[in-house]
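Peer 1: After the structure tokens below, expect a handful of questions from me.
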Amino acid sequence: MTSNDVKPEWPLWEIFIRSQHGLAHKHVGSLHAVDGASAIHHARDVYTRRNEGVSIWAVRAADIVASSPGDKEALFDPAQSKVYRHPTFFPTPDGVKNL
Amino acid sequence: MSHKFQYLLRLGDNCLVLSQQLAAWCGHGPALEEDLALTNVALDLLGQARLWLSYAGEVEGRGRDEDALAFGRDGLDFRNLLLVEQPNGHYGNTVARQFLFDAWHRQLLAGLCESSDPRIAEIAQKAVKEVRYHVERSAGLMIALGNGTALSHARMQDAVNMLWPYTNEWFDSDAIDAQCASAGVAPAASSLAAAWRADVETVLGRAGLTTPTYTGHQRGGKLGVHSEHLGRLLTALQFMQRAYPGAQW
């Protein structure tokens with residue numbers, strides 16, 4: 001390899017794992033991989049060593065569209081004064097989990 | 001000594017020696033993800049070695065447990081294949097060795113799942129799930145590196161060529177293999193050849209690599225006739241128990 005060669009980084013992937021059936025996939029971290037299939041393999045090896053999951057999603061970090069911290073006020077502040085949007089008036093039946 | 005004991009030593013020693021080899025990559029892998037993945041494989045193999053050697057000790061009936069067998073035998077008493085004791089080399093050498101072994105290991109374990117010995121069948125059923133993943137991973141790396149750059153392609157072809165002489169020993173059948181096969185304890189050694197060959201040719205083809213035609217194969221590991229690499233490996237593996245016999249933590 002000559003000194004002009006730059007070692008390209010593998011693309012970054014965000015990893016989501018569903019810990020059990022019925023629950024949503026949860027973001028657990030990120031890793032580098034050359035493609036989707038190897039991202040799943042790597043996620044299996046890095047994030048499910050202790051039996052954490054039943055399903056893995058890998059999403060290219062570059063494909064995630066994120067809100068800008070600068071837009072925080074415009075996006076979120078208006079909801080602060082609207083308590084009537086909280087469903088606190090409804091009693092939760094006993095035995096309902098994961099709500 | 002019983003044929004079954006000898007056969008179990010072969011199973012256990014393959015896993016133990018290869019696990020020790022892979023463990024040497026811990027912290028030195030080419031990327032964090034690969035490092036973890038390979039050491040996971042090493043741990044799987046170590047777990048399998050423990051199960052086989054524990055059972056071997058019970059079958060022998062002389063009070064030797066898994067530790068006594070792993071740490072207390074000399075090189076001449078090891079029954080692993082020559083392939084698994086070949087040096088790690090660069091990462092491509094390690095990947096090629098792993099793939100050639102995994103492809104055989106999977107066929108063997110699938111056969112052992114049908115063993116007439118329920119304990120062997122149980123261990124094989126646990127191990128085969130792990131090894132199905134091992135072969136998927138190592139085959140994927142073969143294909144990726146074979147199709148990578150001109151350099152990675154050349155290195156993978158060299159690695160395969162170099163290891164090829166060690167990929168026939170496992171199909172040889174001696175008295176121990178024949179006895180275990182006729183008792184239904186294990187599949188006949190030669191019966192795995194066709195499936196292994198087909199798997200390997202498929203993956204090498206997809207990797208753009210040429211399957212070697214070389215036929216001057218090496219043998220001896222199954223009988224304890226090893227290459228010079230095993231001694232060094234065992235020196236590291238057994239040091240602690242040799243220096244401090246019976247030490248525990």
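Just so we're on the same page: first chain in the structure tokens is A, next is B, and so on; residues restart at 1 for each chain, and ligands are numbered from 1 in the order they show up.
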Select, as a PDB file with N, CA, C and O atoms, in the first residue's frame, those residues of chain A with any atom no more than 12 Å from chain B (distances computed using only C-alpha atoms).
Peer 2:
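Printed below is iface_12.pdb as written:
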ATOM      1  N   MET A   1       0.857  -1.202   0.000  1.00  0.00           N
ATOM      2  CA  MET A   1       0.000   0.000   0.000  1.00  0.00           C
ATOM      3  C   MET A   1       0.892   1.252   0.000  1.00  0.00           C
ATOM      4  O   MET A   1       1.792   1.368   0.825  1.00  0.00           O
ATOM      5  N   GLU A   9     -13.074   4.022   5.483  1.00  0.00           N
ATOM      6  CA  GLU A   9     -13.829   3.504   6.619  1.00  0.00           C
ATOM      7  C   GLU A   9     -15.031   2.749   6.095  1.00  0.00           C
ATOM      8  O   GLU A   9     -15.634   3.146   5.106  1.00  0.00           O
ATOM      9  N   TRP A  10     -15.415   1.680   6.775  1.00  0.00           N
ATOM     10  CA  TRP A  10     -16.685   1.038   6.443  1.00  0.00           C
ATOM     11  C   TRP A  10     -17.806   1.997   6.836  1.00  0.00           C
ATOM     12  O   TRP A  10     -17.674   2.753   7.812  1.00  0.00           O
ATOM     13  N   LEU A  12     -21.154   3.571   8.465  1.00  0.00           N
ATOM     14  CA  LEU A  12     -21.715   3.435   9.817  1.00  0.00           C
ATOM     15  C   LEU A  12     -23.165   2.962   9.740  1.00  0.00           C
ATOM     16  O   LEU A  12     -23.932   3.425   8.896  1.00  0.00           O
ATOM     17  N   TRP A  13     -23.514   2.046  10.603  1.00  0.00           N
ATOM     18  CA  TRP A  13     -24.889   1.520  10.667  1.00  0.00           C
ATOM     19  C   TRP A  13     -25.423   1.702  12.081  1.00  0.00           C
ATOM     20  O   TRP A  13     -24.692   1.505  13.053  1.00  0.00           O
ATOM     21  N   SER A  30     -24.261   1.611  17.462  1.00  0.00           N
ATOM     22  CA  SER A  30     -23.907   1.650  16.056  1.00  0.00           C
ATOM     23  C   SER A  30     -22.636   0.855  15.823  1.00  0.00           C
ATOM     24  O   SER A  30     -21.920   0.502  16.769  1.00  0.00           O
ATOM     25  N   LEU A  31     -22.373   0.524  14.569  1.00  0.00           N
ATOM     26  CA  LEU A  31     -21.156  -0.192  14.223  1.00  0.00           C
ATOM     27  C   LEU A  31     -20.820   0.053  12.758  1.00  0.00           C
ATOM     28  O   LEU A  31     -21.615   0.621  12.019  1.00  0.00           O
ATOM     29  N   HIS A  32     -19.638  -0.382  12.369  1.00  0.00           N
ATOM     30  CA  HIS A  32     -19.209  -0.242  10.982  1.00  0.00           C
ATOM     31  C   HIS A  32     -19.338  -1.578  10.264  1.00  0.00           C
ATOM     32  O   HIS A  32     -19.031  -2.628  10.827  1.00  0.00           O
ATOM     33  N   ALA A  33     -19.804  -1.538   9.021  1.00  0.00           N
ATOM     34  CA  ALA A  33     -19.909  -2.758   8.222  1.00  0.00           C
ATOM     35  C   ALA A  33     -19.932  -2.379   6.750  1.00  0.00           C
ATOM     36  O   ALA A  33     -20.348  -1.270   6.395  1.00  0.00           O
ATOM     37  N   VAL A  34     -19.490  -3.323   5.900  1.00  0.00           N
ATOM     38  CA  VAL A  34     -19.418  -2.996   4.469  1.00  0.00           C
ATOM     39  C   VAL A  34     -20.780  -3.005   3.793  1.00  0.00           C
ATOM     40  O   VAL A  34     -21.023  -2.260   2.860  1.00  0.00           O
ATOM     41  N   ASP A  35     -21.693  -3.878   4.259  1.00  0.00           N
ATOM     42  CA  ASP A  35     -23.025  -3.917   3.642  1.00  0.00           C
ATOM     43  C   ASP A  35     -24.050  -4.385   4.680  1.00  0.00           C
ATOM     44  O   ASP A  35     -23.694  -4.682   5.828  1.00  0.00           O
ATOM     45  N   ALA A  37     -25.843  -7.130   4.971  1.00  0.00           N
ATOM     46  CA  ALA A  37     -25.717  -8.487   5.511  1.00  0.00           C
ATOM     47  C   ALA A  37     -24.630  -8.557   6.580  1.00  0.00           C
ATOM     48  O   ALA A  37     -24.820  -9.176   7.640  1.00  0.00           O
ATOM     49  N   SER A  38     -23.502  -7.903   6.318  1.00  0.00           N
ATOM     50  CA  SER A  38     -22.449  -7.981   7.337  1.00  0.00           C
ATOM     51  C   SER A  38     -22.787  -7.101   8.536  1.00  0.00           C
ATOM     52  O   SER A  38     -22.330  -7.372   9.647  1.00  0.00           O
ATOM     53  N   ALA A  39     -23.608  -6.070   8.329  1.00  0.00           N
ATOM     54  CA  ALA A  39     -24.062  -5.270   9.485  1.00  0.00           C
ATOM     55  C   ALA A  39     -24.899  -6.143  10.429  1.00  0.00           C
ATOM     56  O   ALA A  39     -24.757  -6.059  11.650  1.00  0.00           O
ATOM     57  N   ILE A  40     -25.751  -6.993   9.849  1.00  0.00           N
ATOM     58  CA  ILE A  40     -26.555  -7.904  10.681  1.00  0.00           C
ATOM     59  C   ILE A  40     -25.642  -8.883  11.421  1.00  0.00           C
ATOM     60  O   ILE A  40     -25.796  -9.123  12.619  1.00  0.00           O
ATOM     61  N   HIS A  41     -24.670  -9.434  10.708  1.00  0.00           N
ATOM     62  CA  HIS A  41     -23.713 -10.357  11.349  1.00  0.00           C
ATOM     63  C   HIS A  41     -22.980  -9.667  12.487  1.00  0.00           C
ATOM     64  O   HIS A  41     -22.875 -10.199  13.586  1.00  0.00           O
ATOM     65  N   HIS A  42     -22.468  -8.480  12.189  1.00  0.00           N
ATOM     66  CA  HIS A  42     -21.713  -7.771  13.229  1.00  0.00           C
ATOM     67  C   HIS A  42     -22.606  -7.424  14.415  1.00  0.00           C
ATOM     68  O   HIS A  42     -22.185  -7.539  15.565  1.00  0.00           O
ATOM     69  N   ALA A  43     -23.843  -7.021  14.123  1.00  0.00           N
ATOM     70  CA  ALA A  43     -24.759  -6.673  15.217  1.00  0.00           C
ATOM     71  C   ALA A  43     -25.025  -7.892  16.084  1.00  0.00           C
ATOM     72  O   ALA A  43     -25.065  -7.813  17.312  1.00  0.00           O
ATOM     73  N   ARG A  44     -25.158  -9.035  15.421  1.00  0.00           N
ATOM     74  CA  ARG A  44     -25.375 -10.283  16.157  1.00  0.00           C
ATOM     75  C   ARG A  44     -24.186 -10.536  17.087  1.00  0.00           C
ATOM     76  O   ARG A  44     -24.345 -10.931  18.240  1.00  0.00           O
ATOM     77  N   ASP A  45     -22.990 -10.297  16.570  1.00  0.00           N
ATOM     78  CA  ASP A  45     -21.795 -10.598  17.355  1.00  0.00           C
ATOM     79  C   ASP A  45     -21.492  -9.553  18.420  1.00  0.00           C
ATOM     80  O   ASP A  45     -20.921  -9.858  19.456  1.00  0.00           O
ATOM     81  N   VAL A  46     -21.868  -8.302  18.141  1.00  0.00           N
ATOM     82  CA  VAL A  46     -21.519  -7.235  19.082  1.00  0.00           C
ATOM     83  C   VAL A  46     -22.618  -7.021  20.121  1.00  0.00           C
ATOM     84  O   VAL A  46     -22.330  -6.798  21.291  1.00  0.00           O
ATOM     85  N   TYR A  47     -23.879  -7.107  19.686  1.00  0.00           N
ATOM     86  CA  TYR A  47     -24.978  -6.681  20.573  1.00  0.00           C
ATOM     87  C   TYR A  47     -25.904  -7.790  21.064  1.00  0.00           C
ATOM     88  O   TYR A  47     -26.810  -7.514  21.844  1.00  0.00           O
ATOM     89  N   THR A  48     -25.749  -9.024  20.592  1.00  0.00           N
ATOM     90  CA  THR A  48     -26.681 -10.064  21.087  1.00  0.00           C
ATOM     91  C   THR A  48     -25.925 -11.235  21.711  1.00  0.00           C
ATOM     92  O   THR A  48     -26.391 -12.359  21.690  1.00  0.00           O
ATOM     93  N   ARG A  49     -24.760 -10.952  22.280  1.00  0.00           N
ATOM     94  CA  ARG A  49     -23.963 -12.034  22.859  1.00  0.00           C
ATOM     95  C   ARG A  49     -24.595 -12.600  24.118  1.00  0.00           C
ATOM     96  O   ARG A  49     -24.304 -13.709  24.524  1.00  0.00           O
ATOM     97  N   ARG A  50     -25.427 -11.808  24.771  1.00  0.00           N
ATOM     98  CA  ARG A  50     -26.015 -12.280  26.019  1.00  0.00           C
ATOM     99  C   ARG A  50     -27.515 -12.463  25.869  1.00  0.00           C
ATOM    100  O   ARG A  50     -28.288 -12.130  26.744  1.00  0.00           O
TER     101      ARG A  50
END
Peer 1: If we count only C-alpha atoms, what is near Leu69 in chain B at a cut-off of 12 Å, once residues fewer than 6 positions away on the same chain are taken out, given as a ChimeraX atom specification?
Peer 2: /B:5-6,8-10,12-13,16,49-58,60,62-63,75,77-79,238,241
Peer 1: Closest to Asp74 in chain B among B:Ala247, B:Ala198, B:Ala124, B:Leu233, using only C-alpha atoms?
Peer 2: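 Residue with the minimum atom-to-atom distance to Asp74 in chain B: B:Leu233.
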Peer 1: Record the distance separating CA of His3 in chain B and CA of Asp177 in chain B, expressed in Å with one decimal.
Peer 2: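 We find that CA of His3 in chain B and CA of Asp177 in chain B lie 8.0 Å from each other.
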Peer 1: Out of chain A, which residues get strand (DSSP E or B) from DSSP, as a list in words?
Peer 2: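 Filtering chain A down to strand (DSSP E or B) leaves Leu12, Trp13, Glu14, Ile15, Phe16, Ile17, Arg18, Lys26, His27, Val28, Gly29, Ser30, Leu31, His32, Ser55, Ile56, Trp57, Ala58, Val59 and Arg60 of chain A.
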Peer 1: Deliver the residues from the most recent selection as a file, using C-alpha atoms, as an mmCIF file, in the first residue's frame.
Peer 2:
data_model
loop_
_atom_site.group_PDB
_atom_site.id
_atom_site.type_symbol
_atom_site.label_atom_id
_atom_site.label_comp_id
_atom_site.auth_asym_id
_atom_site.auth_seq_id
_atom_site.Cartn_x
_atom_site.Cartn_y
_atom_site.Cartn_z
ATOM 1 C CA LEU A 12 -21.715 3.435 9.817
ATOM 2 C CA TRP A 13 -24.889 1.520 10.667
ATOM 3 C CA GLU A 14 -27.378 2.119 13.465
ATOM 4 C CA ILE A 15 -28.542 -1.084 15.117
ATOM 5 C CA PHE A 16 -32.009 -1.733 16.512
ATOM 6 C CA ILE A 17 -32.844 -4.857 18.472
ATOM 7 C CA ARG A 18 -36.203 -6.258 19.496
ATOM 8 C CA LYS A 26 -34.913 -0.335 20.307
ATOM 9 C CA HIS A 27 -31.775 1.505 19.317
ATOM 10 C CA VAL A 28 -28.784 -0.202 20.950
ATOM 11 C CA GLY A 29 -25.812 1.428 19.283
ATOM 12 C CA SER A 30 -23.907 1.650 16.056
ATOM 13 C CA LEU A 31 -21.156 -0.192 14.223
ATOM 14 C CA HIS A 32 -19.209 -0.242 10.982
ATOM 15 C CA SER A 55 -34.763 -9.559 15.783
ATOM 16 C CA ILE A 56 -32.210 -7.117 14.419
ATOM 17 C CA TRP A 57 -32.651 -4.066 12.213
ATOM 18 C CA ALA A 58 -29.645 -2.371 10.674
ATOM 19 C CA VAL A 59 -30.090 1.082 9.167
ATOM 20 C CA ARG A 60 -27.402 3.003 7.358
#
